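Peer 1: I'd like to ask some things about the structure below.
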Amino acid sequence: MEENINLDKYRNIRRHLGREMIDLNPIQRGGVLPVESKKVMYEYWDGYSVCDYCGGRLDKVETPPICEFLNDMSKFLDMDISRPTHGARESKFIVMHSICKEGDYVVLDENAHYTSYVAMERAKLNYAEVKSEGYPTYRINPEGYKEVIDNLEDEGKNIGLILLTHVDGNYGNLADAKKVGRIAKDRGYPFLLNCAYSVGRMPVKGKKLNADFLACSGHKSMAASGPIGLLAIRTEFAEEVLRTSKTHPIKEVEMLGCTSRGAPIVSLMASFPHIVERVKHWDEEIKKTRFVVDKLEEIGFKQIGVKPKEHDLIKFETPVLDEIAQRDKRRGYFFYDELKKRGIGGIRRGTTKEVKMSVYGLTWEQVVYVVGSIKEIVENCGK
């Protein structure tokens, strides 16, 4: 009964991680909105606010300039056509569902995100993995794609798609997309690059990487309010991927007509100038990341993944934290608590054997503060 529902808990909802805190969560660092994007939210926070002047389809809306934005985004990504989606996972599914036949094989890297597997399952596809080199680098060797493709072809299996995770979410390894893309082209297979952790954080030019499709995440790496993503494609795949409905000819079937509307798409647009500028400073972000690795390895942290770092996501093995946790009455929660006291968040609570972090977008002053705080915690709590 309605009278038994306590509605007070939905009023004045606040975020536990305060705005003033430094957030080290890699999944969130690339999604921090600039001021201009926060301002535009007030204009378009209503559900169908971008449809004031509907052109029949989201990519045809001219006010706000969604149509122009998607054309500019295609130029920015060095691709031909772009469409908004609800995220990189949806972009991957759209490609799989439109260009593959049921039962086809997708060749993908072992470091792939779980949503790649879920998308394949939903599209009723099979898969074959290219294994990584394993601990401690977990590097994906492009030559492994040749071996897996050869094996599938020898067995008479039909390959529908080659998929590579540009930067994985476990170790932050930057894969050699250009080489994998070349292998795909030489074998005659379409190539999908999952750029959830790369587009928006670092320079990415799709055609230079031999990609046929880029699956991008707005809320993870393009400073946008989610859920929002992009699918960028080459012209030769437009007829299959962007086919329109027989009953409603203006609507694109794979997009179910329209995808992410309202605040997400507008925040993505408002952040675009910010994104274009920040990727120019990727070298500086790598310097910050390597600084963190160097300084924290001095106190017993061990970076897992390819060295030196080529992406901002860092995974550490942290035996020194685990040793402290065995003695501290707070057990595994001591590290989270101590960071919080110092205005730092984003580290998973209760985890001390290994941690993931990113300092992407932080100032050098903030980076130095984070490193100093962690050193201080290890020194004080380790006594």
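Following the order of the structure tokens, chains are lettered A, B, ..., residues in each are numbered from 1, and ligands are numbered from 1.
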Go through stretch 294-350 of chain A and collect every residue that DSSP, computed from the backbone, puts in strand (DSSP E or B); the answer should be as a list in words.

Peer 2: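 Filtering stretch 294-350 of chain A down to strand (DSSP E or B) leaves Lys302, Gln303, Ile304, Ile314, Lys315, Phe316, Glu317, Ile344 and Gly345 of chain A.
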
Peer 1: Write out the residues from the selection above, keeping all heavy atoms, as a JSON list (two decimals), in the first residue's frame.

Peer 2:
```json
[["chain", "number", "residue", "atom", "x", "y", "z"],
["A", 302, "LYS", "N", 53.42, -2.83, -5.84],
["A", 302, "LYS", "CA", 53.95, -3.40, -7.07],
["A", 302, "LYS", "C", 52.95, -3.23, -8.19],
["A", 302, "LYS", "O", 51.84, -3.75, -8.12],
["A", 302, "LYS", "CB", 54.27, -4.89, -6.89],
["A", 302, "LYS", "CG", 54.83, -5.54, -8.16],
["A", 302, "LYS", "CD", 55.07, -7.03, -7.98],
["A", 302, "LYS", "CE", 55.58, -7.66, -9.28],
["A", 302, "LYS", "NZ", 55.80, -9.13, -9.14],
["A", 303, "GLN", "N", 53.33, -2.47, -9.22],
["A", 303, "GLN", "CA", 52.43, -2.25, -10.35],
["A", 303, "GLN", "C", 52.29, -3.52, -11.18],
["A", 303, "GLN", "O", 53.27, -4.16, -11.54],
["A", 303, "GLN", "CB", 52.94, -1.13, -11.25],
["A", 303, "GLN", "CG", 52.00, -0.80, -12.40],
["A", 303, "GLN", "CD", 52.69, -0.66, -13.74],
["A", 303, "GLN", "OE1", 53.68, 0.07, -13.84],
["A", 303, "GLN", "NE2", 52.20, -1.35, -14.74],
["A", 304, "ILE", "N", 51.03, -3.89, -11.47],
["A", 304, "ILE", "CA", 50.73, -5.03, -12.33],
["A", 304, "ILE", "C", 50.31, -4.51, -13.69],
["A", 304, "ILE", "O", 49.61, -3.51, -13.80],
["A", 304, "ILE", "CB", 49.60, -5.90, -11.72],
["A", 304, "ILE", "CG1", 50.00, -6.35, -10.31],
["A", 304, "ILE", "CG2", 49.30, -7.10, -12.59],
["A", 304, "ILE", "CD1", 51.26, -7.16, -10.25],
["A", 314, "ILE", "N", 45.89, 2.42, -13.01],
["A", 314, "ILE", "CA", 47.00, 1.69, -12.38],
["A", 314, "ILE", "C", 46.43, 0.60, -11.48],
["A", 314, "ILE", "O", 45.53, 0.85, -10.67],
["A", 314, "ILE", "CB", 47.87, 2.61, -11.50],
["A", 314, "ILE", "CG1", 48.19, 3.93, -12.20],
["A", 314, "ILE", "CG2", 49.14, 1.89, -11.07],
["A", 314, "ILE", "CD1", 48.81, 4.97, -11.29],
["A", 315, "LYS", "N", 47.00, -0.61, -11.58],
["A", 315, "LYS", "CA", 46.68, -1.67, -10.64],
["A", 315, "LYS", "C", 47.93, -2.02, -9.86],
["A", 315, "LYS", "O", 48.98, -2.27, -10.45],
["A", 315, "LYS", "CB", 46.14, -2.91, -11.35],
["A", 315, "LYS", "CG", 45.73, -4.02, -10.37],
["A", 315, "LYS", "CD", 45.00, -5.14, -11.07],
["A", 315, "LYS", "CE", 44.50, -6.16, -10.06],
["A", 315, "LYS", "NZ", 43.69, -7.22, -10.69],
["A", 316, "PHE", "N", 47.80, -2.03, -8.55],
["A", 316, "PHE", "CA", 48.91, -2.36, -7.66],
["A", 316, "PHE", "C", 48.61, -3.63, -6.88],
["A", 316, "PHE", "O", 47.48, -3.83, -6.41],
["A", 316, "PHE", "CB", 49.15, -1.25, -6.63],
["A", 316, "PHE", "CG", 49.80, 0.00, -7.16],
["A", 316, "PHE", "CD1", 49.10, 1.19, -7.20],
["A", 316, "PHE", "CD2", 51.12, -0.02, -7.58],
["A", 316, "PHE", "CE1", 49.69, 2.35, -7.66],
["A", 316, "PHE", "CE2", 51.73, 1.14, -8.03],
["A", 316, "PHE", "CZ", 51.02, 2.33, -8.08],
["A", 317, "GLU", "N", 49.60, -4.46, -6.71],
["A", 317, "GLU", "CA", 49.59, -5.44, -5.62],
["A", 317, "GLU", "C", 50.14, -4.71, -4.42],
["A", 317, "GLU", "O", 51.15, -4.00, -4.52],
["A", 317, "GLU", "CB", 50.47, -6.64, -5.95],
["A", 317, "GLU", "CG", 49.86, -7.61, -6.93],
["A", 317, "GLU", "CD", 50.72, -8.83, -7.17],
["A", 317, "GLU", "OE1", 51.93, -8.78, -6.86],
["A", 317, "GLU", "OE2", 50.18, -9.82, -7.68],
["A", 344, "ILE", "N", 40.43, 11.91, 0.52],
["A", 344, "ILE", "CA", 40.68, 11.11, -0.68],
["A", 344, "ILE", "C", 39.71, 9.94, -0.69],
["A", 344, "ILE", "O", 39.57, 9.22, 0.31],
["A", 344, "ILE", "CB", 42.13, 10.59, -0.72],
["A", 344, "ILE", "CG1", 43.12, 11.77, -0.67],
["A", 344, "ILE", "CG2", 42.38, 9.74, -1.95],
["A", 344, "ILE", "CD1", 44.56, 11.35, -0.47],
["A", 345, "GLY", "N", 39.06, 9.72, -1.81],
["A", 345, "GLY", "CA", 38.12, 8.60, -1.95],
["A", 345, "GLY", "C", 38.37, 7.84, -3.23],
["A", 345, "GLY", "O", 39.31, 8.10, -3.97]]
```

Peer 1: Stretch 255-262 of chain A: which residues within 7 Å, counting only C-alpha atoms, same-chain residues fewer than 2 positions away excluded, as a PyMOL selection string?

Peer 2: chain A and resi 44-50+57-58+84-86+227-228+251-253+264-266

Peer 1: Suppose we keep C-alpha atoms; can you now write the selection as a JSON list (two decimals), in the first residue's frame?

Peer 2:
```json
[["chain", "number", "residue", "atom", "x", "y", "z"],
["A", 44, "TYR", "CA", 18.06, 20.22, -20.44],
["A", 45, "TRP", "CA", 17.30, 18.16, -17.35],
["A", 46, "ASP", "CA", 13.75, 17.32, -18.45],
["A", 47, "GLY", "CA", 13.35, 13.91, -20.07],
["A", 48, "TYR", "CA", 12.61, 14.93, -23.65],
["A", 49, "SER", "CA", 14.13, 18.40, -23.52],
["A", 50, "VAL", "CA", 16.32, 17.83, -26.60],
["A", 57, "ARG", "CA", 15.61, 10.98, -35.09],
["A", 58, "LEU", "CA", 18.19, 12.00, -32.51],
["A", 84, "PRO", "CA", 24.96, 8.27, -29.73],
["A", 85, "THR", "CA", 24.28, 5.12, -27.71],
["A", 86, "HIS", "CA", 23.69, 4.40, -24.03],
["A", 227, "PRO", "CA", 24.32, 6.79, -19.57],
["A", 228, "ILE", "CA", 25.85, 7.92, -22.83],
["A", 251, "LYS", "CA", 13.99, 5.16, -37.50],
["A", 252, "GLU", "CA", 17.21, 3.14, -37.36],
["A", 253, "VAL", "CA", 16.44, -0.38, -36.17],
["A", 264, "PRO", "CA", 23.42, 12.79, -21.13],
["A", 265, "ILE", "CA", 23.72, 13.81, -24.78],
["A", 266, "VAL", "CA", 23.74, 17.52, -23.96]]
```

Peer 1: Fewer than 5 positions away in the same chain doesn't count, so skip those; otherwise give me all residues within 10 Å of A:Pro308, counting only C-alpha atoms, as a ChimeraX atom specification.

Peer 2: /A:173,286,289-290,293-294,303

Peer 1: Restricting the calculation to only C-alpha atoms, which member of A:Arg139, A:Pro64, A:Ala128, A:Arg201 is positioned closest to A:Glu43?

Peer 2: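 Nearest candidate to A:Glu43 out of A:Arg139, A:Pro64, A:Ala128, A:Arg201: A:Pro64.
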
Peer 1: Which polymer residues have any atom within 12 Å of an atom of A:Glu90, counting only C-alpha atoms, with same-chain residues fewer than 4 positions away left out, as a VMD selection string?

Peer 2: chain A and resid 83 to 86 94 to 97 115 to 116 118 to 120 122 to 123 194 196 214 to 217 227 to 231 254 to 256 259 to 260

Peer 1: So, counting only C-alpha atoms, which residue among A:Arg327, A:Arg89, A:Lys220, A:Lys356 is closest to A:Gly382?

Peer 2: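 The answer is A:Arg327, which sits nearest to A:Gly382.
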
Peer 1: I need the helix (DSSP H, G or I) residues of stretch 83-273 of chain A per DSSP on the backbone, written as number ranges by chain.

Peer 2: A: 88-99, 114-122, 143-154, 177-187, 207-209, 218-221, 235-241, 253-255, 263-273

Peer 1: Find the distance between atom CA of A:Phe301 and atom CA of A:Thr352 and write it in Å to one decimal.

Peer 2: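 About the pair atom CA of A:Phe301 and atom CA of A:Thr352: they are 10.8 Å apart.
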